[in-house]
>>> print(open('structure32.pdb').read())   # PDB, C-alpha atoms
ATOM      1  CA  MET A  99       2.956  14.223   6.817
ATOM      2  CA  GLY A 100       3.156  12.398   3.468
ATOM      3  CA  GLY A 101       1.386  12.658   0.157
ATOM      4  CA  VAL A 102       1.327  11.486  -3.447
ATOM      5  CA  ASN A 103       1.333  12.995  -6.908
ATOM      6  CA  LEU A 104      -1.734  11.702  -8.721
ATOM      7  CA  GLU A 105      -0.102  12.370 -12.083
ATOM      8  CA  ASP A 106       2.271   9.478 -11.336
ATOM      9  CA  TYR A 107      -0.643   7.067 -11.776
ATOM     10  CA  LYS A 108      -1.554   6.778 -15.448
ATOM     11  CA  ARG A 109      -2.489   3.090 -15.723
ATOM     12  CA  ASP A 110      -0.549   2.791 -18.975
ATOM     13  CA  PRO A 111      -1.423  -0.550 -20.660
ATOM     14  CA  LYS A 112       2.130  -0.820 -22.002
ATOM     15  CA  GLU A 113       3.642  -0.731 -18.528
ATOM     16  CA  ILE A 114       1.074  -3.177 -17.181
ATOM     17  CA  ASP A 115       1.913  -5.450 -20.117
ATOM     18  CA  ILE A 116       5.631  -5.294 -19.258
ATOM     19  CA  ILE A 117       4.865  -6.510 -15.739
ATOM     20  CA  ASN A 118       2.467  -9.210 -16.956
ATOM     21  CA  LYS A 119       5.060 -10.596 -19.362
ATOM     22  CA  GLU A 120       7.967 -10.356 -16.930
ATOM     23  CA  TYR A 121       6.142 -12.280 -14.193
ATOM     24  CA  SER A 122       3.638 -14.369 -16.226
ATOM     25  CA  LEU A 123       0.641 -12.602 -14.700
ATOM     26  CA  ASN A 124      -1.797 -12.534 -17.606
ATOM     27  CA  ASP A 125      -5.343 -13.314 -16.385
ATOM     28  CA  LYS A 126      -4.124 -13.785 -12.809
ATOM     29  CA  LYS A 127      -5.309 -12.079  -9.661
ATOM     30  CA  VAL A 128      -2.408 -10.345  -7.895
ATOM     31  CA  VAL A 129      -1.812  -9.308  -4.308
ATOM     32  CA  LEU A 130       1.132  -6.954  -3.755
ATOM     33  CA  PHE A 131       3.476  -6.057  -0.911
ATOM     34  CA  THR A 132       6.104  -3.346  -1.301
ATOM     35  CA  GLY A 133       8.660  -2.187   1.208
ATOM     36  CA  ARG A 134      11.876  -2.968   3.012
ATOM     37  CA  LEU A 135      11.953  -6.565   4.173
ATOM     38  CA  THR A 136      12.392  -6.205   7.915
ATOM     39  CA  LYS A 137      10.658  -8.143  10.685
ATOM     40  CA  HIS A 138       8.327  -5.315  11.660
ATOM     41  CA  LYS A 139       7.001  -5.010   8.082
ATOM     42  CA  GLY A 140       5.409  -8.442   8.502
ATOM     43  CA  ALA A 141       5.821  -9.708   4.907
ATOM     44  CA  ILE A 142       6.387 -13.220   6.266
ATOM     45  CA  TYR A 143       2.717 -13.339   7.330
ATOM     46  CA  LEU A 144       1.581 -12.584   3.792
ATOM     47  CA  VAL A 145       3.879 -15.343   2.515
ATOM     48  CA  ARG A 146       2.362 -17.770   5.043
ATOM     49  CA  ALA A 147      -1.081 -16.761   3.801
ATOM     50  CA  ALA A 148      -0.083 -17.388   0.168
ATOM     51  CA  PRO A 149      -0.951 -21.134   0.001
ATOM     52  CA  PHE A 150      -4.542 -20.193   0.852
ATOM     53  CA  ILE A 151      -4.743 -17.187  -1.500
ATOM     54  CA  ARG A 152      -6.394 -17.831  -4.860
ATOM     55  CA  GLY A 153      -3.968 -15.712  -6.841
ATOM     56  CA  THR A 154      -0.325 -14.664  -7.083
ATOM     57  CA  VAL A 155       1.562 -12.870  -4.318
ATOM     58  CA  ILE A 156       4.273 -10.397  -5.324
ATOM     59  CA  ILE A 157       6.813  -9.295  -2.731
ATOM     60  CA  ALA A 158       8.560  -6.211  -4.106
ATOM     61  CA  GLY A 159      11.397  -5.180  -1.854
ATOM     62  CA  ASP A 160      14.677  -6.197  -0.291
ATOM     63  CA  GLY A 161      16.209  -6.232   3.158
ATOM     64  CA  PRO A 162      17.520  -8.399   6.001
ATOM     65  CA  GLU A 163      14.435 -10.627   6.145
ATOM     66  CA  ARG A 164      14.618 -11.658   2.480
ATOM     67  CA  LYS A 165      16.647 -14.787   3.182
ATOM     68  CA  THR A 166      14.237 -15.879   5.941
ATOM     69  CA  ILE A 167      11.275 -15.373   3.615
ATOM     70  CA  GLU A 168      12.905 -17.263   0.753
ATOM     71  CA  GLU A 169      13.767 -20.148   3.087
ATOM     72  CA  GLU A 170      10.123 -20.303   4.205
ATOM     73  CA  ILE A 171       8.939 -20.373   0.589
ATOM     74  CA  SER A 172      11.356 -23.199  -0.213
ATOM     75  CA  ARG A 173      10.687 -25.209   2.951
ATOM     76  CA  GLU A 174       6.897 -24.998   2.624
ATOM     77  CA  LYS A 175       7.017 -25.466  -1.174
ATOM     78  CA  ILE A 176       4.931 -22.324  -1.734
ATOM     79  CA  LYS A 177       4.356 -21.967  -5.466
ATOM     80  CA  ASN A 178       2.438 -18.700  -5.834
ATOM     81  CA  VAL A 179       4.889 -16.160  -4.389
ATOM     82  CA  ILE A 180       7.144 -14.048  -6.617
ATOM     83  CA  MET A 181      10.116 -12.387  -4.954
ATOM     84  CA  ALA A 182      10.476  -9.403  -7.269
ATOM     85  CA  GLY A 183      13.264  -7.768  -5.292
ATOM     86  CA  TYR A 184      13.883  -4.058  -5.104
ATOM     87  CA  ILE A 185      11.985  -2.055  -7.725
ATOM     88  CA  PRO A 186      13.912   1.179  -8.448
ATOM     89  CA  THR A 187      11.822   4.294  -7.929
ATOM     90  CA  GLY A 188      14.057   6.331 -10.229
ATOM     91  CA  GLY A 189      12.048   5.209 -13.246
ATOM     92  CA  LYS A 190       8.885   6.003 -11.340
ATOM     93  CA  ARG A 191       6.358   4.891 -13.894
ATOM     94  CA  LEU A 192       7.156   1.174 -13.789
ATOM     95  CA  PHE A 193       7.353   1.325  -9.993
ATOM     96  CA  HIS A 194       3.872   2.840  -9.808
ATOM     97  CA  ALA A 195       2.604   0.403 -12.436
ATOM     98  CA  PHE A 196       3.085  -2.431  -9.920
ATOM     99  CA  TYR A 197       0.456  -0.792  -7.709
ATOM    100  CA  GLU A 198      -1.820  -0.367 -10.717
ATOM    101  CA  ARG A 199      -1.412  -4.012 -11.767
ATOM    102  CA  ALA A 200      -2.249  -5.349  -8.317
ATOM    103  CA  ASP A 201      -5.817  -6.328  -7.483
ATOM    104  CA  VAL A 202      -5.192  -6.004  -3.733
ATOM    105  CA  TYR A 203      -2.404  -4.421  -1.699
ATOM    106  CA  VAL A 204      -1.476  -5.877   1.700
ATOM    107  CA  CYS A 205       0.389  -4.057   4.470
ATOM    108  CA  PRO A 206       0.874  -6.619   7.276
ATOM    109  CA  SER A 207       3.022  -4.448   9.585
ATOM    110  CA  THR A 208       3.517  -5.548  13.174
ATOM    111  CA  TRP A 209       4.630  -2.117  14.415
ATOM    112  CA  ASP A 210       3.056   1.330  14.513
ATOM    113  CA  GLU A 211       3.616   2.697  11.010
ATOM    114  CA  PRO A 212       4.161   6.500  11.150
ATOM    115  CA  LEU A 213       1.795   6.985   8.208
ATOM    116  CA  GLY A 214       2.071   4.311   5.554
ATOM    117  CA  LEU A 215       3.258   5.901   2.322
ATOM    118  CA  THR A 216       3.003   2.608   0.436
ATOM    119  CA  ILE A 217      -0.654   2.454   1.457
ATOM    120  CA  LEU A 218      -1.235   5.932   0.022
ATOM    121  CA  GLU A 219       0.488   4.869  -3.198
ATOM    122  CA  ALA A 220      -1.787   1.845  -3.513
ATOM    123  CA  MET A 221      -4.887   3.940  -2.804
ATOM    124  CA  ALA A 222      -3.823   6.474  -5.438
ATOM    125  CA  ALA A 223      -3.558   3.597  -7.912
ATOM    126  CA  HIS A 224      -7.179   2.544  -7.283
ATOM    127  CA  THR A 225      -6.000  -0.603  -5.488
ATOM    128  CA  PRO A 226      -7.902  -1.719  -2.372
ATOM    129  CA  VAL A 227      -5.761  -2.028   0.739
ATOM    130  CA  VAL A 228      -5.740  -4.663   3.474
ATOM    131  CA  ALA A 229      -3.668  -3.488   6.450
ATOM    132  CA  THR A 230      -3.038  -4.024  10.126
ATOM    133  CA  LYS A 231      -4.546  -1.386  12.392
ATOM    134  CA  LYS A 232      -1.257   0.090  13.523
ATOM    135  CA  GLY A 233      -0.025   3.646  14.032
ATOM    136  CA  GLY A 234      -0.791   6.280  11.413
ATOM    137  CA  VAL A 235      -2.601   3.797   9.196
ATOM    138  CA  VAL A 236      -5.792   4.574  11.107
ATOM    139  CA  SER A 237      -5.692   8.108   9.669
ATOM    140  CA  LEU A 238      -5.840   6.670   6.134
ATOM    141  CA  ILE A 239      -8.260   3.760   6.306
ATOM    142  CA  GLU A 240     -11.835   3.486   7.491
ATOM    143  CA  ASP A 241     -12.571  -0.205   7.888
ATOM    144  CA  ASN A 242     -15.002  -1.634   5.319
ATOM    145  CA  VAL A 243     -15.256   1.784   3.640
ATOM    146  CA  ASN A 244     -12.001   2.542   1.825
ATOM    147  CA  GLY A 245     -10.003  -0.497   2.947
ATOM    148  CA  PHE A 246      -9.936  -3.371   5.416
ATOM    149  CA  PHE A 247      -8.176  -3.847   8.738
ATOM    150  CA  ILE A 248      -6.725  -7.179   9.805
ATOM    151  CA  ARG A 249      -5.137  -8.339  13.038
ATOM    152  CA  PRO A 250      -1.325  -8.364  13.179
ATOM    153  CA  ARG A 251       0.449 -11.703  12.576
ATOM    154  CA  ASN A 252      -2.772 -13.290  11.299
ATOM    155  CA  SER A 253      -2.107 -15.075   7.996
ATOM    156  CA  LYS A 254      -5.499 -16.780   8.039
ATOM    157  CA  GLN A 255      -7.322 -13.461   8.104
ATOM    158  CA  ILE A 256      -5.088 -12.036   5.363
ATOM    159  CA  ALA A 257      -6.073 -14.909   3.069
ATOM    160  CA  GLU A 258      -9.763 -14.597   3.918
ATOM    161  CA  VAL A 259      -9.978 -10.859   3.183
ATOM    162  CA  VAL A 260      -7.816 -11.045   0.046
ATOM    163  CA  ASN A 261      -9.910 -13.893  -1.380
ATOM    164  CA  MET A 262     -13.118 -12.028  -0.561
ATOM    165  CA  LEU A 263     -11.884  -9.069  -2.612
ATOM    166  CA  PHE A 264     -10.625 -11.289  -5.428
ATOM    167  CA  GLU A 265     -14.038 -12.899  -5.752
ATOM    168  CA  ASP A 266     -16.186  -9.754  -5.635
ATOM    169  CA  ASP A 267     -15.406  -7.329  -8.465
ATOM    170  CA  ASN A 268     -18.066  -4.847  -7.334
ATOM    171  CA  LEU A 269     -16.767  -4.726  -3.762
ATOM    172  CA  ARG A 270     -13.204  -4.375  -4.979
ATOM    173  CA  LYS A 271     -14.152  -1.424  -7.193
ATOM    174  CA  LYS A 272     -16.236   0.206  -4.464
ATOM    175  CA  ILE A 273     -13.380   0.051  -1.953
ATOM    176  CA  ALA A 274     -10.825   1.159  -4.564
ATOM    177  CA  ASP A 275     -12.921   4.179  -5.602
ATOM    178  CA  ALA A 276     -13.395   5.229  -1.971
ATOM    179  CA  ALA A 277      -9.662   4.848  -1.353
ATOM    180  CA  TYR A 278      -8.832   7.024  -4.340
ATOM    181  CA  ASP A 279     -11.315   9.670  -3.199
ATOM    182  CA  THR A 280      -9.606   9.735   0.215
ATOM    183  CA  VAL A 281      -6.290  10.521  -1.450
ATOM    184  CA  VAL A 282      -7.823  13.202  -3.671
ATOM    185  CA  GLN A 283      -9.506  14.901  -0.718
ATOM    186  CA  HIS A 284      -6.689  14.747   1.814
ATOM    187  CA  PHE A 285      -3.349  13.406   0.629
ATOM    188  CA  THR A 286      -2.226  15.001  -2.631
ATOM    189  CA  TRP A 287       0.830  17.227  -2.314
ATOM    190  CA  THR A 288      -1.321  20.161  -3.427
ATOM    191  CA  LYS A 289      -3.710  19.591  -0.506
ATOM    192  CA  ILE A 290      -0.860  19.119   1.950
ATOM    193  CA  ALA A 291       0.968  22.243   0.733
ATOM    194  CA  GLY A 292      -2.240  24.199   1.294
ATOM    195  CA  GLU A 293      -2.533  22.864   4.838
ATOM    196  CA  TYR A 294       1.052  23.826   5.634
ATOM    197  CA  GLU A 295       0.422  27.294   4.202
ATOM    198  CA  ASN A 296      -2.621  27.709   6.444
ATOM    199  CA  ILE A 297      -0.621  26.608   9.491
ATOM    200  CA  TYR A 298       2.116  29.087   8.605
ATOM    201  CA  LYS A 299      -0.383  31.918   8.176
ATOM    202  CA  GLN A 300      -2.050  31.130  11.502
ATOM    203  CA  PHE A 301       1.308  31.009  13.252
ATOM    204  CA  LYS A 302       2.419  34.254  11.624
ATOM    205  CA  TYR A 303      -0.826  35.976  12.618
ATOM    206  CA  SER A 304      -0.626  34.688  16.203
ATOM    207  CA  THR A 305       2.995  35.813  16.522
ATOM    208  CA  SER A 306       2.247  39.263  15.139
ATOM    209  CA  GLU A 307      -0.715  39.645  17.481
ATOM    210  CA  TYR A 308       1.400  38.624  20.473
ATOM    211  CA  LEU A 309       4.208  41.048  19.588
ATOM    212  CA  ALA A 310       1.709  43.879  19.221
ATOM    213  CA  ARG A 311       0.612  43.317  22.808
ATOM    214  CA  VAL A 312       4.030  43.295  24.447
TER     215      VAL A 312
END
>>> encode(input="structure32.pdb", output="structure tokens")
Amino acid sequence: MGGVNLEDYKRDPKEIDIINKEYSLNDKKVVLFTGRLTKHKGAIYLVRAAPFIRGTVIIAGDGPERKTIEEEISREKIKNVIMAGYIPTGGKRLFHAFYERADVYVCPSTWDEPLGLTILEAMAAHTPVVATKKGGVVSLIEDNVNGFFIRPRNSKQIAEVVNMLFEDDNLRKKIADAAYDTVVQHFTWTKIAGEYENIYKQFKYSTSEYLARV
């Protein structure tokens, strides 16, 4: 089970400004992917959607698929993708500021994600999520309520849903607010610690009751 610390998300204008200046993002719509660049993470499908996305795509991460992705960008002459590389989490604030700067977060995984911690991080940052309906992601997102599901390996659908969110500020805010509420209600470390404590107490009570009978 995973969770987030809401205090990590401050939406500090100074940190947003650092990102805007570093990547020339002022007044631009941004779609973000974060994670290790492996085949099953599906970042290549977001890159293939990029020519049809009316904004800038940031790929923040590194891994064995980076070269393949960069070759695709070069071969197809894709102009609106920024390969930001690995963003250290040690200086957490700037790492979390990437989620806060993004207008949409995309998780195009092609495998069954155990939970989707990056999705939780985006939701905690008030950023609407577009994700494939794989694995534990279904426990985080309710389609058209606090996020959107897309089919795996479907770049066309990625572009369509991202552009829809880019163009509708009210919808984007509505989805983002619902996503944040989901995190507050179920996925803060305080909530999760409480759930583990309850499980422990129930187990302890059941064990004691059993021992009293034998």
>>> residues_around(input="structure32.pdb", residues="Glu168 in chain A", least_positions_apart="5", cutoff="10 Å", atoms="only C-alpha atoms", output="ChimeraX atom specification")
/A:142,145,163,173-174,176,179-181
>>> closest_residue(input="structure32.pdb", among="A:Asn261, A:Gln283, A:Asn268, A:Asn178", to="Arg146 in chain A", atoms="all atoms listed in the file")
A:Asn178
>>> residues_around(input="structure32.pdb", residues="Val129 in chain A", least_positions_apart="4", cutoff="10 Å", atoms="all atoms listed in the file", output="PyMOL selection string")
chain A and resi 144+148+151-157+179+197+199-204+225-228+260-261+264
>>> atom_distance(input="structure32.pdb", atom1="CA of Arg109 in chain A", atom2="CA of Ala223 in chain A")
7.9 Å
>>> resolve_selection(input="structure32.pdb", expression="the PyMOL selection byres ((chain A and resi 246) around 9)", output="list in words")
Pro226, Val227, Val228, Ala229, Thr230, Ile239, Glu240, Asp241, Asn242, Val243, Asn244, Gly245, Phe247, Ile248, Val259 and Ile273 of chain A
>>> atom_distance(input="structure32.pdb", atom1="CA of Ser172 in chain A", atom2="CA of Thr136 in chain A")
18.9 Å
>>> closest_residue(input="structure32.pdb", among="A:Asp160, A:Gly140, A:Ala195, A:Ala147", to="Lys177 in chain A", atoms="only C-alpha atoms")
A:Ala147
>>> resolve_selection(input="structure32.pdb", expression="the PyMOL selection byres ((chain A and resi 106) around 12)", output="MDAnalysis selection string")
chainID A and resid 101:105 107:110 187 189:195 197:198 219:220 222:223 286:287
>>> resolve_selection(input="structure32.pdb", expression="the PyMOL selection byres ((chain A and resi 138) around 12)", output="VMD selection string")
chain A and resid 133 to 137 139 to 143 161 to 163 205 to 211 230 232 250 to 251
>>> closest_residue(input="structure32.pdb", among="A:Lys119, A:Lys127, A:Lys112, A:Arg249", to="Leu263 in chain A", atoms="only C-alpha atoms")
A:Lys127
>>> atom_distance(input="structure32.pdb", atom1="CA of Asp115 in chain A", atom2="CA of Ala158 in chain A")
17.4 Å
>>> closest_residue(input="structure32.pdb", among="A:Leu238, A:Ala182, A:Leu130, A:Met262", to="Phe150 in chain A", atoms="all atoms listed in the file")
A:Met262
>>> closest_residue(input="structure32.pdb", among="A:Phe196, A:Glu169, A:Leu218, A:Arg164", to="Pro111 in chain A", atoms="only C-alpha atoms")
A:Phe196
>>> residues_near_point(input="structure32.pdb", point="(-9.0, 8.5, -7.2)", cutoff="9 Å", atoms="all atoms listed in the file", output="MDAnalysis selection string")
chainID A and resid 104 221:224 274:282
>>> write_last_selection(input="structure32.pdb", atoms="C-alpha atoms", output="compact mmCIF listing (two decimals), in the coordinates of the input")
# COMPACT_ATOMS: atom_id res chain seq x y z
CA LEU A 104 -1.73 11.70 -8.72
CA MET A 221 -4.89 3.94 -2.80
CA ALA A 222 -3.82 6.47 -5.44
CA ALA A 223 -3.56 3.60 -7.91
CA HIS A 224 -7.18 2.54 -7.28
CA ALA A 274 -10.82 1.16 -4.56
CA ASP A 275 -12.92 4.18 -5.60
CA ALA A 276 -13.40 5.23 -1.97
CA ALA A 277 -9.66 4.85 -1.35
CA TYR A 278 -8.83 7.02 -4.34
CA ASP A 279 -11.32 9.67 -3.20
CA THR A 280 -9.61 9.74 0.22
CA VAL A 281 -6.29 10.52 -1.45
CA VAL A 282 -7.82 13.20 -3.67
